[in-house]
Number of protein chains: 2
Amino acid sequence: MYSVTLEKLLKAKGINIGDKVSVKVKDRKFEGMLMPQTDSGDGDKLVIKMDSGYNVGLSVANLERVETVKKVSVTPAIPKFDPSKPAISIISTGGTITSKVNYTTGGVTTVEKPEEILQTIPELAKVANIRSIDRPFAKMSEDMNYADWIETASAVAKKLNSDDRGVIITHGTDSLHFTAAALSFFLRNLNKPVVLVGSQRSIDRGSSDAAMNLVCGAVMASANIAEVGICMHGSVSDDYCIFSRGTKVRKMHTSRRDAFKPINESALAKVWPDGGIEITNGNHKVRNDSMNVELDLAFEPKVAILKAYPGSDPSIIDHLVYRGYRGFIIEASGLGHVPTNGPRSWIPTIKKHVKDGIFIGCAAQTIFGRINPDVYTNLRVLYREAGAVPLEDMLAETAYVKLGWVLGHTKDMAEARKMMLTNYAGEMTQRSKEDGYLE
Amino acid sequence: MYSVTLEKLLKAKGINIGDKVSVKVKDRKFEGMLMPQTDSGDGDKLVIKMDSGYNVGLSVANLERVETVKKVSVTPAIPKFDPSKPAISIISTGGTITSKVNYTTGGVTTVEKPEEILQTIPELAKVANIRSIDRPFAKMSEDMNYADWIETASAVAKKLNSDDRGVIITHGTDSLHFTAAALSFFLRNLNKPVVLVGSQRSIDRGSSDAAMNLVCGAVMASANIAEVGICMHGSVSDDYCIFSRGTKVRKMHTSRRDAFKPINESALAKVWPDGGIEITNGNHKVRNDSMNVELDLAFEPKVAILKAYPGSDPSIIDHLVYRGYRGFIIEASGLGHVPTNGPRSWIPTIKKHVKDGIFIGCAAQTIFGRINPDVYTNLRVLYREAGAVPLEDMLAETAYVKLGWVLGHTKDMAEARKMMLTNYAGEMTQRSKEDGYLE
């Protein structure tokens with residue numbers, strides 16, 4: 001919101017947000033669209049979106065002149081329904097990607113009707129008909145948990161079992177890969193694409209990735225593939241997106257548009273906003289529209305991720321077991337180590353709890369690569385003697401979600417071990433020569 | 001060790017480990033050096049190192065014939081001392097890199113004398129004179145902790161303040177980047193290069209990276225640079241190594257030879273085993289041999305790394321504070337989030353402990369990128385209201401080591417905050433356009 005001073009000035013000049021304006025500040029002149037100030041922004045700075053797409057903030061203290069260059073219509077036309085395009089649905093869970101600037105209040109509001117999304121991102125109509133936008137809840141993704149995953153999965157299943165070609169889920173990016181993993185396990189006998197889409201920059205910024213991610217997401221949602229995945233920028237340019245398997249993807253950068261990277265396997269596809277798709281990983285299921293997806297939502301939330309590192313304190317496991325926790329994923333170092341000898345050894349703690357029926361599995365703290373339970377003596381102590389389970393090349397985040405799902409199905413530890421080492425949703429890959437890094 | 005059957009067979013034929021042998025197995029013939037079997041290997045398999053450098057394991061059950069092709073001298077000559085080469089010292093802390101196969105027992109033992117290292121890796125003599133190899137202790141790096149960091153730093157300082165050109169530390173790879181960070185803070189007014197070297201494959205394997213890492217390490221140790229860094233393979237080929245700053249590097253793969261990657265900045269240098277160096281990051285200090293390094297070893301070990309994720313339990317903080325912990329590094333999601341709203345919010349817990357004089361800082365769980373405390377309302381709640389400290393683009397592992405060092409110096413939280421946000425060893429970089437990923 002703008003400060004009272006600025007609001008008064010704009011009102012006096014008859015300037016509305018969305019108008020093209022000319023602003024003189026000391027010896028420089030700026031021309032562009034007047035943007036609303038964000039809630040967190042400095043209310044004493046006018047925000048102008050330049051033709052280059054970049055926003056500039058101009059302090060009221062330096063303002064010499066503000067004039068309207070052009071009054072702008074703020075309601076773009078809604079594209080017509082085109083029955084030749086595939087029908088897809090959007091499940092909106094929050095995040096900036098389905099938000100739009102309210103040009104009256106200057107605030108950011110969540111889109112509720114399909115027509116509004118089409119107004120904001122008219123390019124969508126070129127690749128798909130958005131049949132519906134459902135909003136089971138609206139949360140920042142850092143505030144979501146397993147109950148939200150269950151609610152999302154239920155909303156998605158309903159659409160997958162209609163005659164929609166596929167479903168898009170819009171979602172904040174912080175925990176997008178957790179939700180993607182959860183849907184991968186919750187949705188059994190998957191029949192169609194389930195495409196999770198977020199944006200790293202809010203939609204009212206010139207550099208926003210929202211529109212292209214959503215358009216590419218719509219392309220993927222009507223593709224011949226039956227996988228849960230994340231569809232986001234494949235590079236920092238607005239050229240193409242990548243669709244990565246929901247169990248093999250991780251947010252790897254705080255701010256870059258290509259923050260989501262496939263881990264330990266190639267992305268499933270490259271997608272262009274003009275409708276082009278290149279399959280980059282043949283290991284995927286194809287769509288089967290005549291099949292119905294099944295929900296399998298049993299979940300034990302008393303599981304946790306822990307990290308083993310020099311000086312790390314294994315008493316955290318005692319504390320959480322006392323609080324009723326039933327399973328742990330340890331981010332182990334190197335090929336799968338925890339401190340093994342010396343006063344801070346994790347071995348006695350792990351041994352004791354495994355014996356008492358607590359599941360303890362290890363995933364790679366290095367993120368890339370695979371746990372190997374045999375190379376060194378310390379590894380054999382952990383995996384052969386203490387009873388921890390080496391979780392192959394599964395991501396720790398995926399293993400955490402999977403463990404909640406597995407312990408929702410069984411209390412038997414032999415069965416839990418077997419299920420954790422069974423591939424349900426491409427969460428483990430075969431040992432390969434490739435052994436790649438970030439693409 | 002070989003099984004009794006195989007030991008008897010070899011003895012009967014007069015074949016010793018190290019000899020060149022010819023082995024017939026079903027319809028195939030193999031020729032190469034007879035290797036010892038490792039402790040974890042199958043004792044009923046003969047291990048032959050082929051001329052290609054690869055080892056093959058041949059089961060005794062399929063063995064048709066074994067013959068000596070050539071008896072081999074097992075003691076290579078020791079290169080002569082060359083006063084024209086720079087003198088460097090090695091501090092050996094364990095790990096396979098300064099181990100060598102004992103051709104009599106078949107076991108792996110730690111090298112104790114400089115001459116033995118030169119026997120194993122004669123290429124070293126081409127780039128440096130190894131003046132001494134000290135071994136303060138010998139541990140697998142997953143078993144090391146802050147006391148080992150202090151001991152290592154003390155051993156290093158003694159050499160840096162002699163007329164050595166530089167120091168190499170050989171070390172297991174699992175916690176190599178923790179030790180590198182610790183030395184970066186412990187060694188003040190650094191005068192010469194401190195080069196940490198590990199190996200991903202043990203030295204008795206054809207594909208070992210030990211020799212090249214050590215030779216490149218020796219090149220770096222005599223270079224015109226005064227930084228603590230890790231020197232390991234820059235690619236999967238045996239072409240060059242990279243030297244990455246000790247506070248900006250992380251093990252990013254369980255098994256690849258180029259597992260250590262610089263994070264949020266370029267590597268300091270590329271290094272070739274023939275002595276070539278290319279500086280790839282101008283932001284480094286140059287050597288000053290006339291200066292003395294100072295040890296600053298104050299350290300508070302009651303600090304921990306925690307991870308915030310959907311469903312994560314902030315009561316771990318209560319538990320550890322009860323056990324006397326004084327500071328925490330949270331691996332926060334996205335731009336620096338913890339669960340903020342809802343029943344699993346971390347905010348009340350953080351607020352309470354910060355008020356009670358506990359330090360809580362946040363680093364990026366995405367690994368790449370930078371914490372930004374202002375973009376979203378939830379971020380302002382965490383950093384402006386609850387009092388967590390946003391730790392810029394510092395790695396969580398580095399921040400953890402630094403926090404132990406900072407709290408070793410002050411109990412005042414305002415001072416701790418100030419120190420955590422002061423750049424002591426290149427642990428934070430300026431906001432840059434580059435904003436890169438893995439190189």
# chains A, B, ... in the order shown; residues from 1 in each chain; ligands from 1
>>> interface_residues(of="chain A", to="chain B", cutoff="8 Å", atoms="only C-alpha atoms", output="VMD selection string")
chain A and resid 40 142 to 146 173 to 175 178 250 to 256 301 304 to 307 309 to 313 316 319 to 320 333 to 335 337 to 342 345 364 366 to 371 374 to 377 435 438
>>> residues_around(residues="region 110-126 of chain A", least_positions_apart="2", cutoff="9 Å", atoms="only C-alpha atoms", output="PyMOL selection string")
chain A and resi 75-82+85+90+92+94-101+108+128-135+138+203+210-212+214-216+218+273-275
>>> closest_residue(among="A:Lys418, A:Lys8, A:His233, A:Lys24", to="Trp272 (chain A)", atoms="only C-alpha atoms")
A:His233
>>> residues_around(residues="region 26-30 of chain A", least_positions_apart="2", cutoff="9 Å", atoms="only C-alpha atoms", output="CSV table (one decimal) with C-alpha atoms, in the first residue's frame")
chain,number,residue,atom,x,y,z
A,21,VAL,CA,2.7,7.4,-16.2
A,22,SER,CA,5.7,9.6,-16.6
A,23,VAL,CA,7.7,10.4,-13.4
A,24,LYS,CA,10.5,12.9,-13.1
A,32,GLY,CA,5.9,2.9,-17.3
A,48,ILE,CA,6.8,1.8,-11.9
A,50,MET,CA,9.2,-0.1,-17.1
A,56,VAL,CA,11.7,0.7,-10.3
A,62,ASN,CA,12.9,12.9,-4.8
A,63,LEU,CA,9.7,13.2,-6.8
A,64,GLU,CA,9.5,16.3,-9.0
>>> closest_residue(among="A:His409, A:Lys11, A:Arg384, A:Lys192", to="Asn288 (chain A)", atoms="only C-alpha atoms")
A:Lys192
>>> select_by_dssp(residues="region 173-280 of chain A", states="strand (DSSP E or B)", output="ChimeraX atom specification")
/A:187-188,194-197,228-233,241-245,249-251,253,260-262,269-271,277-279
>>> write_last_selection(atoms="N, CA and C atoms", output="PDB file, in the first residue's frame")
ATOM      1  N   LEU A 187      -1.830 -41.391  -4.677  1.00  0.00           N
ATOM      2  CA  LEU A 187      -2.633 -41.651  -5.887  1.00  0.00           C
ATOM      3  C   LEU A 187      -2.155 -42.948  -6.531  1.00  0.00           C
ATOM      4  N   ARG A 188      -2.867 -44.025  -6.278  1.00  0.00           N
ATOM      5  CA  ARG A 188      -2.482 -45.347  -6.819  1.00  0.00           C
ATOM      6  C   ARG A 188      -3.176 -45.579  -8.158  1.00  0.00           C
ATOM      7  N   VAL A 194      -0.563 -35.470 -13.321  1.00  0.00           N
ATOM      8  CA  VAL A 194      -0.836 -34.569 -12.196  1.00  0.00           C
ATOM      9  C   VAL A 194       0.348 -33.616 -12.129  1.00  0.00           C
ATOM     10  N   VAL A 195       0.103 -32.354 -12.449  1.00  0.00           N
ATOM     11  CA  VAL A 195       1.186 -31.402 -12.691  1.00  0.00           C
ATOM     12  C   VAL A 195       1.186 -30.321 -11.623  1.00  0.00           C
ATOM     13  N   LEU A 196       2.224 -30.325 -10.786  1.00  0.00           N
ATOM     14  CA  LEU A 196       2.341 -29.286  -9.758  1.00  0.00           C
ATOM     15  C   LEU A 196       3.117 -28.106 -10.319  1.00  0.00           C
ATOM     16  N   VAL A 197       2.571 -26.913 -10.088  1.00  0.00           N
ATOM     17  CA  VAL A 197       3.164 -25.699 -10.645  1.00  0.00           C
ATOM     18  C   VAL A 197       3.232 -24.622  -9.565  1.00  0.00           C
ATOM     19  N   VAL A 228       2.928 -38.078 -11.468  1.00  0.00           N
ATOM     20  CA  VAL A 228       2.889 -36.848 -10.684  1.00  0.00           C
ATOM     21  C   VAL A 228       4.234 -36.158 -10.857  1.00  0.00           C
ATOM     22  N   GLY A 229       4.231 -34.879 -11.183  1.00  0.00           N
ATOM     23  CA  GLY A 229       5.508 -34.197 -11.341  1.00  0.00           C
ATOM     24  C   GLY A 229       5.397 -32.704 -11.139  1.00  0.00           C
ATOM     25  N   ILE A 230       6.575 -32.077 -11.079  1.00  0.00           N
ATOM     26  CA  ILE A 230       6.646 -30.627 -10.920  1.00  0.00           C
ATOM     27  C   ILE A 230       7.068 -30.009 -12.250  1.00  0.00           C
ATOM     28  N   CYS A 231       6.324 -29.005 -12.691  1.00  0.00           N
ATOM     29  CA  CYS A 231       6.615 -28.336 -13.958  1.00  0.00           C
ATOM     30  C   CYS A 231       7.012 -26.885 -13.681  1.00  0.00           C
ATOM     31  N   MET A 232       8.289 -26.598 -13.832  1.00  0.00           N
ATOM     32  CA  MET A 232       8.802 -25.249 -13.578  1.00  0.00           C
ATOM     33  C   MET A 232       9.883 -24.939 -14.608  1.00  0.00           C
ATOM     34  N   HIS A 233      10.364 -23.708 -14.581  1.00  0.00           N
ATOM     35  CA  HIS A 233      11.401 -23.281 -15.530  1.00  0.00           C
ATOM     36  C   HIS A 233      12.575 -24.261 -15.580  1.00  0.00           C
ATOM     37  N   CYS A 241      10.154 -25.243 -19.885  1.00  0.00           N
ATOM     38  CA  CYS A 241      10.036 -25.786 -18.538  1.00  0.00           C
ATOM     39  C   CYS A 241      10.515 -27.233 -18.547  1.00  0.00           C
ATOM     40  N   ILE A 242      10.803 -27.760 -17.354  1.00  0.00           N
ATOM     41  CA  ILE A 242      11.033 -29.199 -17.249  1.00  0.00           C
ATOM     42  C   ILE A 242       9.989 -29.782 -16.307  1.00  0.00           C
ATOM     43  N   PHE A 243       9.621 -31.035 -16.613  1.00  0.00           N
ATOM     44  CA  PHE A 243       8.650 -31.773 -15.807  1.00  0.00           C
ATOM     45  C   PHE A 243       9.425 -32.886 -15.124  1.00  0.00           C
ATOM     46  N   SER A 244       9.586 -32.770 -13.792  1.00  0.00           N
ATOM     47  CA  SER A 244      10.399 -33.732 -13.040  1.00  0.00           C
ATOM     48  C   SER A 244       9.496 -34.603 -12.163  1.00  0.00           C
ATOM     49  N   ARG A 245       9.860 -35.874 -12.071  1.00  0.00           N
ATOM     50  CA  ARG A 245       9.077 -36.824 -11.279  1.00  0.00           C
ATOM     51  C   ARG A 245       8.915 -36.320  -9.841  1.00  0.00           C
ATOM     52  N   VAL A 249      12.709 -34.900  -7.135  1.00  0.00           N
ATOM     53  CA  VAL A 249      12.893 -33.487  -7.446  1.00  0.00           C
ATOM     54  C   VAL A 249      13.006 -32.709  -6.135  1.00  0.00           C
ATOM     55  N   ARG A 250      13.777 -31.616  -6.183  1.00  0.00           N
ATOM     56  CA  ARG A 250      14.030 -30.871  -4.959  1.00  0.00           C
ATOM     57  C   ARG A 250      14.236 -29.399  -5.305  1.00  0.00           C
ATOM     58  N   LYS A 251      13.786 -28.533  -4.421  1.00  0.00           N
ATOM     59  CA  LYS A 251      14.070 -27.109  -4.578  1.00  0.00           C
ATOM     60  C   LYS A 251      15.537 -26.887  -4.232  1.00  0.00           C
ATOM     61  N   HIS A 253      17.428 -23.964  -5.069  1.00  0.00           N
ATOM     62  CA  HIS A 253      17.886 -22.570  -5.018  1.00  0.00           C
ATOM     63  C   HIS A 253      16.797 -21.732  -4.375  1.00  0.00           C
ATOM     64  N   PHE A 260      13.873 -25.820  -9.222  1.00  0.00           N
ATOM     65  CA  PHE A 260      13.522 -27.234  -9.030  1.00  0.00           C
ATOM     66  C   PHE A 260      14.312 -28.103  -9.994  1.00  0.00           C
ATOM     67  N   LYS A 261      15.098 -28.999  -9.428  1.00  0.00           N
ATOM     68  CA  LYS A 261      15.993 -29.832 -10.220  1.00  0.00           C
ATOM     69  C   LYS A 261      15.691 -31.306  -9.961  1.00  0.00           C
ATOM     70  N   PRO A 262      15.693 -32.110 -11.029  1.00  0.00           N
ATOM     71  CA  PRO A 262      15.569 -33.554 -10.829  1.00  0.00           C
ATOM     72  C   PRO A 262      16.855 -34.070 -10.178  1.00  0.00           C
ATOM     73  N   ALA A 269      10.429 -34.725 -18.899  1.00  0.00           N
ATOM     74  CA  ALA A 269      10.169 -34.070 -20.183  1.00  0.00           C
ATOM     75  C   ALA A 269      10.617 -32.617 -20.160  1.00  0.00           C
ATOM     76  N   LYS A 270      10.914 -32.098 -21.357  1.00  0.00           N
ATOM     77  CA  LYS A 270      11.041 -30.663 -21.564  1.00  0.00           C
ATOM     78  C   LYS A 270       9.742 -30.195 -22.214  1.00  0.00           C
ATOM     79  N   VAL A 271       9.268 -29.046 -21.809  1.00  0.00           N
ATOM     80  CA  VAL A 271       7.977 -28.555 -22.285  1.00  0.00           C
ATOM     81  C   VAL A 271       8.116 -27.105 -22.717  1.00  0.00           C
ATOM     82  N   ILE A 277       6.519 -30.811 -26.601  1.00  0.00           N
ATOM     83  CA  ILE A 277       6.993 -31.678 -25.515  1.00  0.00           C
ATOM     84  C   ILE A 277       8.102 -32.562 -26.051  1.00  0.00           C
ATOM     85  N   GLU A 278       9.212 -32.663 -25.303  1.00  0.00           N
ATOM     86  CA  GLU A 278      10.248 -33.631 -25.641  1.00  0.00           C
ATOM     87  C   GLU A 278      10.422 -34.551 -24.436  1.00  0.00           C
ATOM     88  N   ILE A 279      10.153 -35.835 -24.637  1.00  0.00           N
ATOM     89  CA  ILE A 279      10.328 -36.796 -23.535  1.00  0.00           C
ATOM     90  C   ILE A 279      11.829 -36.996 -23.318  1.00  0.00           C
TER      91      ILE A 279
END
>>> atom_distance(atom1="CA of Glu151 (chain B)", atom2="CA of Ala226 (chain B)")
20.4 Å
>>> residues_around(residues="Asp289 (chain B)", least_positions_apart="6", cutoff="10 Å", atoms="only C-alpha atoms", output="CSV table (one decimal) with C-alpha atoms, in the first residue's frame")
chain,number,residue,atom,x,y,z
B,160,LEU,CA,52.5,-22.6,8.9
B,161,ASN,CA,54.8,-20.8,11.3
B,162,SER,CA,57.9,-22.8,10.1
B,163,ASP,CA,59.6,-22.1,6.8
B,164,ASP,CA,57.3,-24.6,5.0
B,165,ARG,CA,55.7,-23.2,1.9
B,166,GLY,CA,52.3,-24.6,2.8
B,190,LEU,CA,46.4,-16.8,7.6
B,191,ASN,CA,49.8,-16.5,5.9
B,192,LYS,CA,50.0,-19.6,3.6
B,224,ASN,CA,50.6,-17.6,-3.9
B,226,ALA,CA,46.6,-17.7,1.8
>>> residues_around(residues="Gln37 (chain A)", least_positions_apart="5", cutoff="7 Å", atoms="only C-alpha atoms", output="PyMOL selection string")
chain A and resi 1-2+43+47+106
>>> write_last_selection(atoms="N, CA and C atoms", output="CSV table (one decimal), in the first residue's frame")
chain,number,residue,atom,x,y,z
A,1,MET,N,0.8,-1.2,0.0
A,1,MET,CA,0.0,0.0,0.0
A,1,MET,C,0.9,1.2,0.0
A,2,TYR,N,0.4,2.3,-0.7
A,2,TYR,CA,1.1,3.5,-0.7
A,2,TYR,C,0.8,4.3,0.6
A,43,GLY,N,6.0,2.3,1.5
A,43,GLY,CA,4.8,3.0,1.1
A,43,GLY,C,5.2,4.4,0.5
A,47,VAL,N,6.0,2.6,-7.4
A,47,VAL,CA,6.6,1.5,-8.1
A,47,VAL,C,6.1,1.6,-9.6
A,106,GLY,N,-4.9,-2.3,-4.7
A,106,GLY,CA,-3.4,-2.4,-4.7
A,106,GLY,C,-2.9,-3.7,-4.0
>>> residues_around(residues="Lys351 (chain B)", least_positions_apart="2", cutoff="9 Å", atoms="only C-alpha atoms", output="list in words")
Trp346, Ile347, Pro348, Thr349, His353, Val354, Lys355, Asp356, Leu382, Glu385, Ala386, Gly387 and Ala388 of chain B
>>> atom_distance(atom1="CA of Ile329 (chain B)", atom2="CA of Ala363 (chain A)")
20.7 Å
>>> select_by_dssp(residues="region 21-244 of chain B", states="alpha helix (DSSP H)", output="ChimeraX atom specification")
/B:114-120,124-127,146-160,176-186,210-221
>>> closest_residue(among="A:His177, A:Asp412, A:Ser290, A:Asp239", to="Ala396 (chain A)", atoms="only C-alpha atoms")
A:His177
>>> atom_distance(atom1="CA of Glu415 (chain B)", atom2="CA of Met291 (chain B)")
28.6 Å
>>> closest_residue(among="A:Ile350, A:Ile225, A:Val381, A:Ala181", to="Glu427 (chain A)", atoms="only C-alpha atoms")
A:Ala181
